[in-house]
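A.B. asks: First the structure, which I've put down as structure tokens, then a few questions once you've had a look.
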Amino acid sequence: MRHGTGPRWKGQPGRMEVWYATGSAEDGTGWWIHYEILAPRGGAPYVHGWAAVFPTDSAPSLARFGPKGCSGPPRGGVLDAGDATLHLGEGVSHLVGEVEELSWDVEVTATGAALYTFPRWAWERELLPGAQVVDLPGMGRGTISAGDTSYDVTGSAAQARIFGHGSAQRWGWLHADLGGGDLLEVVAAVPHLPGGLLVPPRPVARLRHRGKDLPVEPLPGALTGRA
């Protein structure tokens, strides 16, 4: 797959795989939809997640879905989380769900190549505790409803992926669509490993400017940065 790169989880315990999409509608309404497979050590794997919408003129709305048992990676490009589903295609992702006061039907379509926040080798070879990639930088279309209010979320959007050994102890994240195909992605995290909190969080930053992804190798810069 040119985008998306396919599921990473092969059923092994002690892993987490995430697909999350965010966007800003033309009127300024923000949204965030997060699907997650968690395979704990010594327990059965499951899918869960959340959806949130951030209107410009009222309080945000948030709803969680799952957990739902998961026997393996998505089959046929469909991740079933019970009240929510994720349909993965070539260069496109379709997110659908209805839980509590929120319902959503949103499609994210890539307008550019994947942006590897961490080095591409880190994502493909799985040599770090976790890695992230913006696999679908592009546009979002669809609606999100909170109660009786429906929001048209057409506008800038992106889907990102995380794969690793579990959630970070602490983390921060920024995605910015700078227009004209330019993007900025920043991730900082402390791994959820023994002694992890002794490691200061380092920011990994990747900028796409005029078709070039900078820096060429992001990890040396992360070692000198502060978060």
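Starting from 1 in every chain, residues are counted up; chains themselves are A, B, ... following the order of the structure tokens, and ligands are numbered from 1 as listed.
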Set the distance at 10 Å and use only C-alpha atoms: which residues neighbour Thr56 in chain A once local chain neighbours fewer than 5 positions away are removed? I'd like the list as a list in words.
C.D. replies: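 Neighbouring residues, sequence-local ones excluded: Asp27, Gly28, Thr29 and Gly30 of chain A.
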A.B. asks: Please report, as an MDAnalysis selection string, each residue of range 78-164 of chain A to which DSSP assigns strand (DSSP E) when run on this structure's backbone.
C.D. replies: chainID A and resid 78:80 84:89 92:99 102:110 130:146 149:152 155:164
A.B. asks: Taking only C-alpha atoms into account, produce a table as JSON lines in which each residue of range 169-223 of chain A with an atom at most 8 Å from an atom of range 107-131 of chain A appears once, together with its shortest atom pair and the distance in Å to one decimal, ordered by chain and rising number.
C.D. replies:
{"residue": "A:Gly181", "atom": "CA", "partner": "A:Gly112", "partner_atom": "CA", "distance": 7.2}
{"residue": "A:Glu185", "atom": "CA", "partner": "A:Thr117", "partner_atom": "CA", "distance": 6.4}
{"residue": "A:Val186", "atom": "CA", "partner": "A:Thr117", "partner_atom": "CA", "distance": 7.3}
{"residue": "A:Val187", "atom": "CA", "partner": "A:Thr117", "partner_atom": "CA", "distance": 7.7}
{"residue": "A:Pro191", "atom": "CA", "partner": "A:Pro129", "partner_atom": "CA", "distance": 6.7}
{"residue": "A:Val204", "atom": "CA", "partner": "A:Phe118", "partner_atom": "CA", "distance": 6.8}
{"residue": "A:Ala205", "atom": "CA", "partner": "A:Thr117", "partner_atom": "CA", "distance": 6.4}
{"residue": "A:Arg206", "atom": "CA", "partner": "A:Thr117", "partner_atom": "CA", "distance": 5.3}
{"residue": "A:Arg208", "atom": "CA", "partner": "A:Leu115", "partner_atom": "CA", "distance": 7.7}
{"residue": "A:Asp213", "atom": "CA", "partner": "A:Leu115", "partner_atom": "CA", "distance": 7.6}
{"residue": "A:Glu217", "atom": "CA", "partner": "A:Pro119", "partner_atom": "CA", "distance": 6.5}
{"residue": "A:Pro218", "atom": "CA", "partner": "A:Phe118", "partner_atom": "CA", "distance": 6.6}
{"residue": "A:Leu219", "atom": "CA", "partner": "A:Phe118", "partner_atom": "CA", "distance": 7.2}
A.B. asks: Could you work out how far CA of Ala21 in chain A lies from CA of Leu184 in chain A, giving the answer in Å with one decimal?
C.D. replies: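 Taking CA of Leu184 in chain A as the start and CA of Ala21 in chain A as the end point, the length is 15.4 Å.
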A.B. asks: For Gly155 in chain A, which residue among A:Cys70, A:Gly76, A:Gly179, A:Val47 is the nearest when counting only C-alpha atoms?
C.D. replies: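 Looking only at the distances to Gly155 in chain A, the closest residue turns out to be A:Gly179.
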A.B. asks: Identify, on the basis of only C-alpha atoms, every residue whose closest approach to Ala39 in chain A does not exceed 6 Å; exclude the query and any residue fewer than 5 positions from it along the same chain; express the result as a ChimeraX atom specification.
C.D. replies: /A:13-15,45
A.B. asks: I need the residues from that last selection saved to file as a short mmCIF file (atom, residue, chain, number, x, y, z; two decimals), in the first residue's frame (with C-alpha atoms), if you can.
C.D. replies:
data_model
loop_
_atom_site.label_atom_id
_atom_site.label_comp_id
_atom_site.auth_asym_id
_atom_site.auth_seq_id
_atom_site.Cartn_x
_atom_site.Cartn_y
_atom_site.Cartn_z
CA PRO A 13 1.25 -9.91 23.12
CA GLY A 14 2.59 -6.68 24.55
CA ARG A 15 1.78 -4.53 21.53
CA PRO A 45 -6.43 -8.41 22.96
#
A.B. asks: If you run DSSP on this backbone, which residues of range 104-222 of chain A come out as alpha helix (DSSP H), and could you give them as a PyMOL selection string?
C.D. replies: chain A and resi 120-125+218-222
A.B. asks: Write the residues of the selection above to a file with N, CA and C atoms, as a compact mmCIF listing (two decimals), in the first residue's frame.
C.D. replies:
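Written file, selection-v5.txt:
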# COMPACT_ATOMS: atom_id res chain seq x y z
N ARG A 120 11.83 6.23 8.64
CA ARG A 120 11.06 5.16 8.02
C ARG A 120 11.53 3.79 8.49
N TRP A 121 12.83 3.63 8.70
CA TRP A 121 13.34 2.33 9.16
C TRP A 121 12.80 1.98 10.54
N ALA A 122 12.57 3.00 11.39
CA ALA A 122 12.04 2.74 12.72
C ALA A 122 10.63 2.18 12.65
N TRP A 123 9.84 2.68 11.68
CA TRP A 123 8.48 2.16 11.51
C TRP A 123 8.50 0.76 10.89
N GLU A 124 9.31 0.56 9.89
CA GLU A 124 9.27 -0.71 9.16
C GLU A 124 9.97 -1.84 9.90
N ARG A 125 11.04 -1.53 10.64
CA ARG A 125 11.81 -2.58 11.32
C ARG A 125 11.44 -2.75 12.79
N PRO A 218 15.66 12.51 11.53
CA PRO A 218 15.13 13.30 12.64
C PRO A 218 15.65 12.94 14.03
N LEU A 219 16.19 11.73 14.24
CA LEU A 219 16.55 11.33 15.60
C LEU A 219 17.72 12.11 16.20
N PRO A 220 18.79 12.45 15.46
CA PRO A 220 19.86 13.25 16.09
C PRO A 220 19.35 14.58 16.64
N GLY A 221 18.44 15.23 15.93
CA GLY A 221 17.86 16.46 16.43
C GLY A 221 17.06 16.25 17.69
N ALA A 222 16.37 15.09 17.78
CA ALA A 222 15.58 14.80 18.97
C ALA A 222 16.46 14.67 20.21
A.B. asks: Residues at most 9 Å from Gly66 in chain A, counting only C-alpha atoms, excluding those fewer than 3 positions away in the same chain, as an mmCIF file with all heavy atoms, in the first residue's frame?
C.D. replies:
data_model
loop_
_atom_site.group_PDB
_atom_site.id
_atom_site.type_symbol
_atom_site.label_atom_id
_atom_site.label_comp_id
_atom_site.auth_asym_id
_atom_site.auth_seq_id
_atom_site.Cartn_x
_atom_site.Cartn_y
_atom_site.Cartn_z
ATOM 1 N N TYR A 46 -7.924 -6.546 22.656
ATOM 2 C CA TYR A 46 -9.225 -5.900 22.458
ATOM 3 C C TYR A 46 -9.041 -4.600 21.680
ATOM 4 O O TYR A 46 -7.934 -4.078 21.536
ATOM 5 C CB TYR A 46 -9.911 -5.633 23.795
ATOM 6 C CG TYR A 46 -9.149 -4.764 24.759
ATOM 7 C CD1 TYR A 46 -9.279 -3.375 24.763
ATOM 8 C CD2 TYR A 46 -8.286 -5.347 25.702
ATOM 9 C CE1 TYR A 46 -8.581 -2.591 25.661
ATOM 10 C CE2 TYR A 46 -7.584 -4.565 26.600
ATOM 11 C CZ TYR A 46 -7.730 -3.191 26.576
ATOM 12 O OH TYR A 46 -7.031 -2.410 27.468
ATOM 13 N N VAL A 47 -10.175 -4.087 21.187
ATOM 14 C CA VAL A 47 -10.206 -2.824 20.456
ATOM 15 C C VAL A 47 -11.012 -1.829 21.275
ATOM 16 O O VAL A 47 -12.064 -2.169 21.833
ATOM 17 C CB VAL A 47 -10.859 -2.986 19.067
ATOM 18 C CG1 VAL A 47 -10.778 -1.671 18.285
ATOM 19 C CG2 VAL A 47 -10.203 -4.100 18.294
ATOM 20 N N HIS A 48 -10.548 -0.600 21.369
ATOM 21 C CA HIS A 48 -11.322 0.465 22.001
ATOM 22 C C HIS A 48 -10.901 1.790 21.377
ATOM 23 O O HIS A 48 -10.055 1.827 20.478
ATOM 24 C CB HIS A 48 -11.145 0.466 23.524
ATOM 25 C CG HIS A 48 -9.777 0.850 23.988
ATOM 26 N ND1 HIS A 48 -9.498 1.274 25.265
ATOM 27 C CD2 HIS A 48 -8.583 0.878 23.337
ATOM 28 C CE1 HIS A 48 -8.222 1.540 25.404
ATOM 29 N NE2 HIS A 48 -7.627 1.302 24.241
ATOM 30 N N GLY A 49 -11.508 2.878 21.853
ATOM 31 C CA GLY A 49 -11.146 4.178 21.315
ATOM 32 C C GLY A 49 -12.096 5.258 21.759
ATOM 33 O O GLY A 49 -12.876 5.077 22.701
ATOM 34 N N TRP A 50 -12.030 6.387 21.073
ATOM 35 C CA TRP A 50 -12.885 7.520 21.423
ATOM 36 C C TRP A 50 -13.086 8.407 20.212
ATOM 37 O O TRP A 50 -12.368 8.314 19.209
ATOM 38 C CB TRP A 50 -12.293 8.318 22.576
ATOM 39 C CG TRP A 50 -10.950 8.934 22.294
ATOM 40 C CD1 TRP A 50 -10.679 10.083 21.600
ATOM 41 C CD2 TRP A 50 -9.678 8.422 22.699
ATOM 42 N NE1 TRP A 50 -9.326 10.322 21.564
ATOM 43 C CE2 TRP A 50 -8.693 9.327 22.216
ATOM 44 C CE3 TRP A 50 -9.294 7.297 23.426
ATOM 45 C CZ2 TRP A 50 -7.333 9.114 22.453
ATOM 46 C CZ3 TRP A 50 -7.943 7.091 23.648
ATOM 47 C CH2 TRP A 50 -6.990 7.999 23.170
ATOM 48 N N GLY A 69 -13.528 -7.557 22.136
ATOM 49 C CA GLY A 69 -12.503 -8.559 21.906
ATOM 50 C C GLY A 69 -12.020 -8.570 20.471
ATOM 51 O O GLY A 69 -12.780 -8.336 19.532
ATOM 52 N N ALA A 81 -14.887 -2.337 16.078
ATOM 53 C CA ALA A 81 -14.834 -1.981 17.496
ATOM 54 C C ALA A 81 -16.225 -1.957 18.119
ATOM 55 O O ALA A 81 -16.465 -1.256 19.094
ATOM 56 C CB ALA A 81 -14.150 -0.632 17.674
ATOM 57 N N GLY A 82 -17.148 -2.698 17.531
ATOM 58 C CA GLY A 82 -18.505 -2.745 18.069
ATOM 59 C C GLY A 82 -19.328 -1.572 17.592
ATOM 60 O O GLY A 82 -19.895 -1.587 16.498
ATOM 61 N N ASP A 83 -19.400 -0.536 18.403
ATOM 62 C CA ASP A 83 -20.167 0.662 18.049
ATOM 63 C C ASP A 83 -19.451 1.540 17.040
ATOM 64 O O ASP A 83 -19.992 2.567 16.611
ATOM 65 C CB ASP A 83 -20.472 1.486 19.304
ATOM 66 C CG ASP A 83 -21.387 0.757 20.268
ATOM 67 O OD1 ASP A 83 -22.254 0.015 19.803
ATOM 68 O OD2 ASP A 83 -21.203 0.936 21.494
ATOM 69 N N ALA A 84 -18.228 1.175 16.671
ATOM 70 C CA ALA A 84 -17.436 1.971 15.733
ATOM 71 C C ALA A 84 -16.654 1.041 14.814
ATOM 72 O O ALA A 84 -16.211 -0.036 15.234
ATOM 73 C CB ALA A 84 -16.475 2.890 16.491
#
A.B. asks: Counting only C-alpha atoms, which of A:Ile144, A:Gly164, A:His209, A:Pro137 gets nearest to Gln12 in chain A?
C.D. replies: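 Comparing A:Ile144, A:Gly164, A:His209, A:Pro137 against Gln12 in chain A, the winner is A:Gly164.
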A.B. asks: Interatomic distance between CA of Leu102 in chain A and CA of Ser58 in chain A?
C.D. replies: 14.7 Å
A.B. asks: Have a look at CA of Gly172 in chain A and CA of Lys68 in chain A and let me know their distance in Å, one decimal.
C.D. replies: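 Answer for the CA of Gly172 in chain A to CA of Lys68 in chain A separation: 26.9 Å.
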A.B. asks: Compare A:Pro73, A:Gly11, A:Gly97, A:Gly211 by their minimum atom-to-atom distance to Ala51 in chain A, counting only C-alpha atoms, and give me the closest one.
C.D. replies: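 Once distances to Ala51 in chain A are computed over only C-alpha atoms, the minimum belongs to A:Gly97.
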A.B. asks: So that I can see what lies close to Gly89 in chain A, please list as a count of residues only the residues with an atom at most 7 Å from it, counting only C-alpha atoms and leaving out residues fewer than 3 positions away in the same chain.
C.D. replies: 3
A.B. asks: So, counting only C-alpha atoms, which residue among A:Ala146, A:Ala44, A:Val78, A:Ala189 is closest to Trp19 in chain A?
C.D. replies: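 Looking only at the distances to Trp19 in chain A, the closest residue turns out to be A:Val78.
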